$ cat target-v1.txt   # compact mmCIF, N, CA and C atoms
# COMPACT_ATOMS: atom_id res chain seq x y z
N MET A 163 13.63 15.58 -33.00
CA MET A 163 13.89 15.86 -31.60
C MET A 163 13.21 14.83 -30.70
N LYS A 164 11.95 14.49 -31.05
CA LYS A 164 11.23 13.51 -30.24
C LYS A 164 11.92 12.15 -30.29
N LYS A 165 12.43 11.77 -31.48
CA LYS A 165 13.11 10.48 -31.62
C LYS A 165 14.37 10.45 -30.76
N LEU A 166 15.09 11.55 -30.72
CA LEU A 166 16.30 11.62 -29.92
C LEU A 166 15.98 11.47 -28.44
N LEU A 167 14.96 12.19 -27.97
CA LEU A 167 14.56 12.08 -26.56
C LEU A 167 14.06 10.69 -26.24
N PHE A 168 13.29 10.10 -27.14
CA PHE A 168 12.77 8.76 -26.93
C PHE A 168 13.92 7.75 -26.85
N THR A 169 14.90 7.86 -27.73
CA THR A 169 16.05 6.97 -27.72
C THR A 169 16.84 7.11 -26.42
N ILE A 170 17.04 8.31 -25.97
CA ILE A 170 17.74 8.54 -24.71
C ILE A 170 16.97 7.94 -23.55
N LEU A 171 15.63 8.09 -23.55
CA LEU A 171 14.79 7.51 -22.50
C LEU A 171 14.90 6.00 -22.48
N ILE A 172 14.82 5.37 -23.64
CA ILE A 172 14.92 3.90 -23.70
C ILE A 172 16.28 3.43 -23.20
N LEU A 173 17.34 4.08 -23.61
CA LEU A 173 18.68 3.69 -23.16
C LEU A 173 18.84 3.89 -21.65
N ALA A 174 18.29 4.97 -21.12
CA ALA A 174 18.39 5.21 -19.68
C ALA A 174 17.62 4.16 -18.89
N ILE A 175 16.43 3.84 -19.35
CA ILE A 175 15.62 2.83 -18.65
C ILE A 175 16.27 1.47 -18.76
N SER A 176 16.75 1.12 -19.95
CA SER A 176 17.33 -0.22 -20.12
C SER A 176 18.62 -0.37 -19.33
N SER A 177 19.36 0.69 -19.14
CA SER A 177 20.59 0.59 -18.37
C SER A 177 20.32 0.49 -16.87
N LYS A 178 19.14 0.92 -16.43
CA LYS A 178 18.81 0.87 -15.02
C LYS A 178 17.97 -0.34 -14.63
N THR A 179 17.52 -1.14 -15.60
CA THR A 179 16.72 -2.31 -15.28
C THR A 179 17.60 -3.39 -14.69
N PHE A 180 16.95 -4.30 -14.00
CA PHE A 180 17.67 -5.40 -13.39
C PHE A 180 18.10 -6.38 -14.46
N SER A 181 19.00 -7.28 -14.09
CA SER A 181 19.37 -8.33 -15.01
C SER A 181 18.11 -9.07 -15.42
N GLN A 182 18.00 -9.38 -16.69
CA GLN A 182 16.75 -9.93 -17.18
C GLN A 182 16.83 -11.42 -17.44
N THR A 183 17.61 -12.14 -16.67
CA THR A 183 17.62 -13.59 -16.80
C THR A 183 16.37 -14.14 -16.16
N ASP A 184 15.88 -15.24 -16.70
CA ASP A 184 14.66 -15.83 -16.17
C ASP A 184 14.86 -16.39 -14.76
N ASP A 185 16.11 -16.48 -14.28
CA ASP A 185 16.36 -16.96 -12.92
C ASP A 185 15.76 -16.01 -11.89
N GLU A 186 15.69 -14.73 -12.19
CA GLU A 186 15.16 -13.75 -11.25
C GLU A 186 13.65 -13.62 -11.36
N PHE A 187 13.06 -14.16 -12.41
CA PHE A 187 11.64 -14.05 -12.65
C PHE A 187 10.95 -15.38 -12.37
N GLN A 188 9.73 -15.30 -11.84
CA GLN A 188 8.93 -16.49 -11.56
C GLN A 188 7.85 -16.60 -12.63
N TYR A 189 7.69 -17.81 -13.16
CA TYR A 189 6.68 -18.04 -14.18
C TYR A 189 5.29 -17.93 -13.56
N VAL A 190 4.35 -17.25 -14.25
CA VAL A 190 2.98 -17.09 -13.76
C VAL A 190 1.99 -17.83 -14.65
N THR A 191 1.98 -17.51 -15.94
CA THR A 191 0.98 -18.08 -16.84
C THR A 191 1.39 -17.86 -18.28
N SER A 192 0.60 -18.42 -19.19
CA SER A 192 0.76 -18.18 -20.62
C SER A 192 -0.57 -17.69 -21.18
N SER A 193 -0.49 -16.85 -22.19
CA SER A 193 -1.71 -16.37 -22.84
C SER A 193 -2.10 -17.33 -23.96
N LYS A 194 -3.27 -17.15 -24.52
CA LYS A 194 -3.74 -17.99 -25.62
C LYS A 194 -2.84 -17.86 -26.85
N SER A 195 -2.22 -16.71 -27.01
CA SER A 195 -1.34 -16.49 -28.17
C SER A 195 0.06 -17.08 -27.98
N GLY A 196 0.33 -17.64 -26.81
CA GLY A 196 1.63 -18.25 -26.55
C GLY A 196 2.60 -17.38 -25.79
N ASN A 197 2.22 -16.14 -25.46
CA ASN A 197 3.09 -15.28 -24.65
C ASN A 197 3.20 -15.87 -23.26
N GLU A 198 4.39 -15.85 -22.71
CA GLU A 198 4.61 -16.31 -21.34
C GLU A 198 4.76 -15.11 -20.43
N VAL A 199 4.25 -15.23 -19.20
CA VAL A 199 4.23 -14.12 -18.26
C VAL A 199 5.05 -14.51 -17.03
N TYR A 200 5.97 -13.61 -16.65
CA TYR A 200 6.84 -13.82 -15.48
C TYR A 200 6.76 -12.58 -14.60
N ILE A 201 7.07 -12.75 -13.32
CA ILE A 201 7.14 -11.60 -12.41
C ILE A 201 8.41 -11.65 -11.59
N HIS A 202 8.81 -10.48 -11.12
CA HIS A 202 9.93 -10.33 -10.18
C HIS A 202 9.46 -9.36 -9.10
N PHE A 203 9.28 -9.86 -7.86
CA PHE A 203 8.76 -9.04 -6.76
C PHE A 203 9.73 -7.94 -6.37
N GLU A 204 9.18 -6.79 -6.01
CA GLU A 204 9.96 -5.69 -5.48
C GLU A 204 9.51 -5.30 -4.08
N LYS A 205 8.20 -4.97 -3.90
CA LYS A 205 7.70 -4.48 -2.61
C LYS A 205 6.32 -5.03 -2.31
N ASP A 206 6.00 -5.10 -1.02
CA ASP A 206 4.65 -5.45 -0.56
C ASP A 206 4.30 -4.45 0.54
N ASN A 207 3.36 -3.53 0.23
CA ASN A 207 2.98 -2.48 1.17
C ASN A 207 1.51 -2.60 1.54
N TYR A 208 1.19 -3.46 2.50
CA TYR A 208 -0.18 -3.56 3.02
C TYR A 208 -1.23 -3.73 1.93
N GLY A 209 -1.07 -4.76 1.12
CA GLY A 209 -2.05 -5.05 0.08
C GLY A 209 -1.76 -4.43 -1.27
N THR A 210 -0.76 -3.56 -1.34
CA THR A 210 -0.32 -3.03 -2.62
C THR A 210 1.02 -3.67 -2.94
N LYS A 211 1.08 -4.37 -4.05
CA LYS A 211 2.28 -5.10 -4.46
C LYS A 211 2.95 -4.36 -5.62
N GLU A 212 4.25 -4.35 -5.61
CA GLU A 212 5.02 -3.75 -6.70
C GLU A 212 5.95 -4.80 -7.25
N PHE A 213 5.98 -4.94 -8.57
CA PHE A 213 6.78 -5.98 -9.19
C PHE A 213 7.05 -5.66 -10.65
N TRP A 214 8.04 -6.33 -11.20
CA TRP A 214 8.34 -6.25 -12.63
C TRP A 214 7.56 -7.34 -13.33
N LEU A 215 6.91 -7.02 -14.42
CA LEU A 215 6.16 -7.97 -15.22
C LEU A 215 6.88 -8.13 -16.56
N LYS A 216 7.20 -9.37 -16.88
CA LYS A 216 7.88 -9.67 -18.14
C LYS A 216 6.96 -10.54 -18.98
N MET A 217 6.68 -10.10 -20.20
CA MET A 217 5.85 -10.87 -21.13
C MET A 217 6.70 -11.20 -22.35
N THR A 218 6.92 -12.50 -22.56
CA THR A 218 7.74 -12.94 -23.69
C THR A 218 6.85 -13.36 -24.85
N GLU A 219 7.31 -13.12 -26.05
CA GLU A 219 6.61 -13.51 -27.26
C GLU A 219 7.27 -14.76 -27.84
N PRO A 220 6.47 -15.73 -28.30
CA PRO A 220 7.09 -16.91 -28.92
C PRO A 220 7.69 -16.55 -30.28
N ILE A 221 8.70 -17.28 -30.70
CA ILE A 221 9.26 -17.12 -32.04
C ILE A 221 8.39 -17.94 -32.99
N LYS A 222 7.94 -17.28 -34.05
CA LYS A 222 7.10 -17.95 -35.04
C LYS A 222 7.82 -17.97 -36.38
N THR A 223 7.60 -19.03 -37.12
CA THR A 223 8.17 -19.15 -38.45
C THR A 223 7.05 -18.95 -39.46
N THR A 224 7.26 -18.00 -40.38
CA THR A 224 6.26 -17.70 -41.42
C THR A 224 6.97 -17.48 -42.75
N LYS A 225 6.20 -17.36 -43.79
CA LYS A 225 6.75 -17.04 -45.12
C LYS A 225 6.48 -15.57 -45.42
N ASN A 226 7.48 -14.91 -45.99
CA ASN A 226 7.28 -13.52 -46.40
C ASN A 226 6.65 -13.48 -47.79
N LYS A 227 6.50 -12.30 -48.37
CA LYS A 227 5.86 -12.14 -49.68
C LYS A 227 6.58 -12.90 -50.79
N ASN A 228 7.87 -13.07 -50.65
CA ASN A 228 8.67 -13.76 -51.67
C ASN A 228 8.70 -15.27 -51.47
N GLY A 229 8.04 -15.76 -50.43
CA GLY A 229 8.02 -17.20 -50.16
C GLY A 229 9.18 -17.67 -49.30
N LYS A 230 10.02 -16.76 -48.85
CA LYS A 230 11.16 -17.11 -48.01
C LYS A 230 10.68 -17.30 -46.57
N ILE A 231 11.18 -18.34 -45.91
CA ILE A 231 10.80 -18.61 -44.52
C ILE A 231 11.60 -17.68 -43.61
N ILE A 232 10.86 -16.95 -42.75
CA ILE A 232 11.49 -16.01 -41.82
C ILE A 232 10.96 -16.27 -40.41
N LYS A 233 11.73 -15.82 -39.43
CA LYS A 233 11.30 -15.91 -38.03
C LYS A 233 10.83 -14.55 -37.57
N THR A 234 9.71 -14.54 -36.84
CA THR A 234 9.18 -13.30 -36.27
C THR A 234 8.96 -13.51 -34.79
N GLY A 235 8.79 -12.41 -34.06
CA GLY A 235 8.54 -12.50 -32.62
C GLY A 235 9.82 -12.77 -31.86
N GLY A 236 9.63 -13.32 -30.67
CA GLY A 236 10.78 -13.66 -29.83
C GLY A 236 11.22 -12.55 -28.91
N GLY A 237 10.59 -11.40 -28.99
CA GLY A 237 10.96 -10.31 -28.10
C GLY A 237 10.21 -10.42 -26.78
N TYR A 238 10.35 -9.40 -25.98
CA TYR A 238 9.63 -9.36 -24.71
C TYR A 238 9.46 -7.92 -24.27
N SER A 239 8.50 -7.72 -23.37
CA SER A 239 8.32 -6.41 -22.76
C SER A 239 8.53 -6.54 -21.27
N LEU A 240 8.99 -5.48 -20.68
CA LEU A 240 9.27 -5.44 -19.25
C LEU A 240 8.69 -4.15 -18.71
N GLU A 241 7.85 -4.26 -17.67
CA GLU A 241 7.26 -3.05 -17.09
C GLU A 241 7.10 -3.21 -15.58
N TYR A 242 7.12 -2.06 -14.92
CA TYR A 242 6.96 -2.02 -13.47
C TYR A 242 5.48 -1.85 -13.17
N ILE A 243 4.92 -2.76 -12.35
CA ILE A 243 3.49 -2.78 -12.04
C ILE A 243 3.28 -2.51 -10.55
N THR A 244 2.30 -1.68 -10.25
CA THR A 244 1.80 -1.50 -8.89
C THR A 244 0.38 -2.03 -8.88
N MET A 245 0.11 -3.02 -8.00
CA MET A 245 -1.20 -3.67 -7.99
C MET A 245 -1.85 -3.52 -6.62
N ASP A 246 -3.07 -3.00 -6.59
CA ASP A 246 -3.87 -2.91 -5.38
C ASP A 246 -4.72 -4.17 -5.31
N CYS A 247 -4.36 -5.08 -4.39
CA CYS A 247 -5.02 -6.38 -4.31
C CYS A 247 -6.48 -6.28 -3.91
N SER A 248 -6.82 -5.41 -2.97
CA SER A 248 -8.20 -5.33 -2.49
C SER A 248 -9.13 -4.67 -3.50
N GLU A 249 -8.65 -3.68 -4.25
CA GLU A 249 -9.47 -2.98 -5.23
C GLU A 249 -9.43 -3.64 -6.61
N LYS A 250 -8.54 -4.60 -6.79
CA LYS A 250 -8.34 -5.27 -8.08
C LYS A 250 -8.06 -4.25 -9.18
N GLU A 251 -7.08 -3.37 -8.90
CA GLU A 251 -6.64 -2.36 -9.85
C GLU A 251 -5.12 -2.42 -9.96
N TYR A 252 -4.62 -1.94 -11.09
CA TYR A 252 -3.17 -1.89 -11.28
C TYR A 252 -2.79 -0.66 -12.08
N GLY A 253 -1.53 -0.34 -12.01
CA GLY A 253 -0.95 0.72 -12.82
C GLY A 253 0.40 0.27 -13.31
N SER A 254 0.84 0.77 -14.43
CA SER A 254 2.14 0.38 -14.96
C SER A 254 2.99 1.61 -15.26
N SER A 255 4.29 1.42 -15.21
CA SER A 255 5.23 2.48 -15.54
C SER A 255 6.56 1.85 -15.94
N ASN A 256 7.45 2.65 -16.42
CA ASN A 256 8.79 2.20 -16.80
C ASN A 256 8.77 1.00 -17.74
N ALA A 257 7.90 1.02 -18.72
CA ALA A 257 7.79 -0.09 -19.66
C ALA A 257 8.73 0.10 -20.84
N VAL A 258 9.36 -1.01 -21.26
CA VAL A 258 10.22 -1.01 -22.43
C VAL A 258 10.01 -2.33 -23.16
N LYS A 259 9.97 -2.26 -24.48
CA LYS A 259 9.85 -3.46 -25.29
C LYS A 259 11.21 -3.78 -25.88
N TYR A 260 11.57 -5.07 -25.90
CA TYR A 260 12.86 -5.52 -26.41
C TYR A 260 12.64 -6.46 -27.59
N ASP A 261 13.60 -6.46 -28.53
CA ASP A 261 13.52 -7.43 -29.63
C ASP A 261 14.10 -8.76 -29.15
N ARG A 262 14.11 -9.76 -30.01
CA ARG A 262 14.54 -11.09 -29.58
C ARG A 262 16.03 -11.16 -29.24
N ASN A 263 16.80 -10.13 -29.61
CA ASN A 263 18.22 -10.08 -29.26
C ASN A 263 18.47 -9.33 -27.95
N GLY A 264 17.40 -8.84 -27.32
CA GLY A 264 17.53 -8.12 -26.06
C GLY A 264 17.79 -6.64 -26.21
N ASN A 265 17.63 -6.11 -27.41
CA ASN A 265 17.84 -4.68 -27.65
C ASN A 265 16.53 -3.92 -27.45
N PRO A 266 16.56 -2.81 -26.72
CA PRO A 266 15.32 -2.04 -26.52
C PRO A 266 14.84 -1.45 -27.84
N THR A 267 13.52 -1.53 -28.06
CA THR A 267 12.97 -1.05 -29.33
C THR A 267 11.99 0.10 -29.14
N GLN A 268 11.10 0.01 -28.16
CA GLN A 268 10.08 1.04 -27.98
C GLN A 268 9.39 0.87 -26.65
N ARG A 269 8.58 1.88 -26.33
CA ARG A 269 7.70 1.76 -25.17
C ARG A 269 6.39 1.16 -25.66
N PRO A 270 5.85 0.16 -24.96
CA PRO A 270 4.55 -0.39 -25.37
C PRO A 270 3.44 0.66 -25.27
N ASP A 271 2.35 0.44 -26.00
CA ASP A 271 1.22 1.38 -26.04
C ASP A 271 0.57 1.57 -24.67
N TYR A 272 0.63 0.55 -23.82
CA TYR A 272 -0.06 0.61 -22.53
C TYR A 272 0.81 1.20 -21.43
N TYR A 273 1.90 1.83 -21.79
CA TYR A 273 2.82 2.42 -20.84
C TYR A 273 2.16 3.51 -20.01
N ASP A 274 2.49 3.54 -18.74
CA ASP A 274 2.09 4.60 -17.81
C ASP A 274 0.58 4.70 -17.62
N THR A 275 0.00 3.65 -17.06
CA THR A 275 -1.42 3.62 -16.75
C THR A 275 -1.60 3.63 -15.24
N HIS A 276 -2.76 4.08 -14.78
CA HIS A 276 -3.05 4.12 -13.35
C HIS A 276 -4.52 3.78 -13.12
N GLY A 277 -4.81 3.02 -12.08
CA GLY A 277 -6.19 2.72 -11.71
C GLY A 277 -6.95 1.88 -12.71
N GLU A 278 -6.24 1.04 -13.47
CA GLU A 278 -6.90 0.17 -14.44
C GLU A 278 -7.55 -1.01 -13.69
N LYS A 279 -8.80 -1.27 -13.99
CA LYS A 279 -9.50 -2.41 -13.39
C LYS A 279 -9.00 -3.70 -14.05
N ILE A 280 -8.90 -4.75 -13.27
CA ILE A 280 -8.47 -6.05 -13.78
C ILE A 280 -9.68 -6.75 -14.40
N ILE A 281 -9.56 -7.15 -15.63
CA ILE A 281 -10.65 -7.79 -16.36
C ILE A 281 -10.64 -9.29 -16.05
N PRO A 282 -11.76 -9.84 -15.60
CA PRO A 282 -11.82 -11.28 -15.30
C PRO A 282 -11.44 -12.11 -16.53
N GLY A 283 -10.66 -13.15 -16.30
CA GLY A 283 -10.25 -14.05 -17.38
C GLY A 283 -9.07 -13.56 -18.19
N SER A 284 -8.54 -12.38 -17.88
CA SER A 284 -7.41 -11.83 -18.63
C SER A 284 -6.09 -12.33 -18.04
N VAL A 285 -5.00 -12.03 -18.73
CA VAL A 285 -3.67 -12.36 -18.22
C VAL A 285 -3.43 -11.64 -16.90
N MET A 286 -3.86 -10.37 -16.82
CA MET A 286 -3.66 -9.62 -15.58
C MET A 286 -4.47 -10.22 -14.43
N SER A 287 -5.59 -10.84 -14.72
CA SER A 287 -6.36 -11.54 -13.70
C SER A 287 -5.57 -12.72 -13.13
N ALA A 288 -4.88 -13.45 -14.00
CA ALA A 288 -4.03 -14.55 -13.55
C ALA A 288 -2.86 -14.03 -12.72
N VAL A 289 -2.30 -12.89 -13.13
CA VAL A 289 -1.21 -12.28 -12.36
C VAL A 289 -1.74 -11.85 -10.98
N HIS A 290 -2.92 -11.24 -10.94
CA HIS A 290 -3.53 -10.83 -9.67
C HIS A 290 -3.71 -12.03 -8.75
N LYS A 291 -4.22 -13.11 -9.29
CA LYS A 291 -4.43 -14.32 -8.50
C LYS A 291 -3.10 -14.85 -7.95
N TYR A 292 -2.08 -14.85 -8.79
CA TYR A 292 -0.76 -15.33 -8.38
C TYR A 292 -0.15 -14.41 -7.32
N ILE A 293 -0.24 -13.11 -7.53
CA ILE A 293 0.39 -12.13 -6.63
C ILE A 293 -0.37 -11.98 -5.32
N CYS A 294 -1.69 -11.88 -5.40
CA CYS A 294 -2.48 -11.48 -4.24
C CYS A 294 -3.13 -12.64 -3.49
N GLU A 295 -3.37 -13.73 -4.16
CA GLU A 295 -4.13 -14.81 -3.52
C GLU A 295 -3.28 -16.02 -3.15
N THR A 296 -2.07 -16.12 -3.63
CA THR A 296 -1.22 -17.26 -3.29
C THR A 296 0.03 -16.76 -2.58
N GLU A 297 0.01 -16.81 -1.30
CA GLU A 297 1.20 -16.38 -0.52
C GLU A 297 1.60 -17.48 0.42

$ encode --input "target-v1.txt" --output "structure tokens"
Amino acid sequence: MKKLLFTILILAISSKTFSQTDDEFQYVTSSKSGNEVYIHFEKDNYGTKEFWLKMTEPIKTTKNKNGKIIKTGGGYSLEYITMDCSEKEYGSSNAVKYDRNGNPTQRPDYYDTHGEKIIPGSVMSAVHKYICETE
């Protein structure tokens, strides 16, 4: 029953998301692991910004147990972020993870957070700087 509800939720969210071409997203930064971070602005309410955050994973080539070369990664996650610029806090909702073919796979573990402090030197710190300090 839970799997059925989860599948329905993912399909509903993915059908209501915006077109996910990189033309609508602005590049922000890359992480040490090679993930690229993009944003798409939605609202600006007196120091509280709302936007879509897209994190892409690089495609990596590795060998499996049998020695065959396979590709891994290449997917991305998309989540709606509300960021309080003055308090340096954020919350996320409506998160969905996609495989490299653009098919929804799951909700990320960090889905639906509120009042999270931004850690200095993190990817979210770079997003905060881009969103709140460069206008």

$ atom_distance --input "target-v1.txt" --atom1 "atom CA of A:Glu278" --atom2 "atom CA of A:Trp214"
16.6 Å

$ closest_residue --input "target-v1.txt" --among "A:Val285, A:Lys230, A:Asp206, A:Tyr238" --to "A:Asp261" --atoms "all atoms listed in the file"
A:Tyr238

$ residues_around --input "target-v1.txt" --residues "A:Phe213" --least-positions-apart "2" --cutoff "8 Å" --atoms "all atoms listed in the file" --output "PyMOL selection string"
chain A and resi 200-206+210-211+215-216+241-245

$ residues_near_point --input "target-v1.txt" --point "(-3.5, -6.7, 0.9)" --cutoff "9 Å" --atoms "only C-alpha atoms" --output "PyMOL selection string"
chain A and resi 206-211+246-248+294

$ residues_around --input "target-v1.txt" --residues "A:Thr275" --least-positions-apart "4" --cutoff "6.5 Å" --atoms "only N, CA and C atoms" --output "number ranges by chain"
A: 252-255

$ atom_distance --input "target-v1.txt" --atom1 "atom CA of A:Gln268" --atom2 "atom CA of A:Leu240"
10.9 Å

$ residues_around --input "target-v1.txt" --residues "A:Ser239" --least-positions-apart "3" --cutoff "6 Å" --atoms "only C-alpha atoms" --output "PyMOL selection string"
chain A and resi 216-217+258-260

$ atom_distance --input "target-v1.txt" --atom1 "atom CA of A:Gly264" --atom2 "atom CA of A:Ile231"
22.3 Å
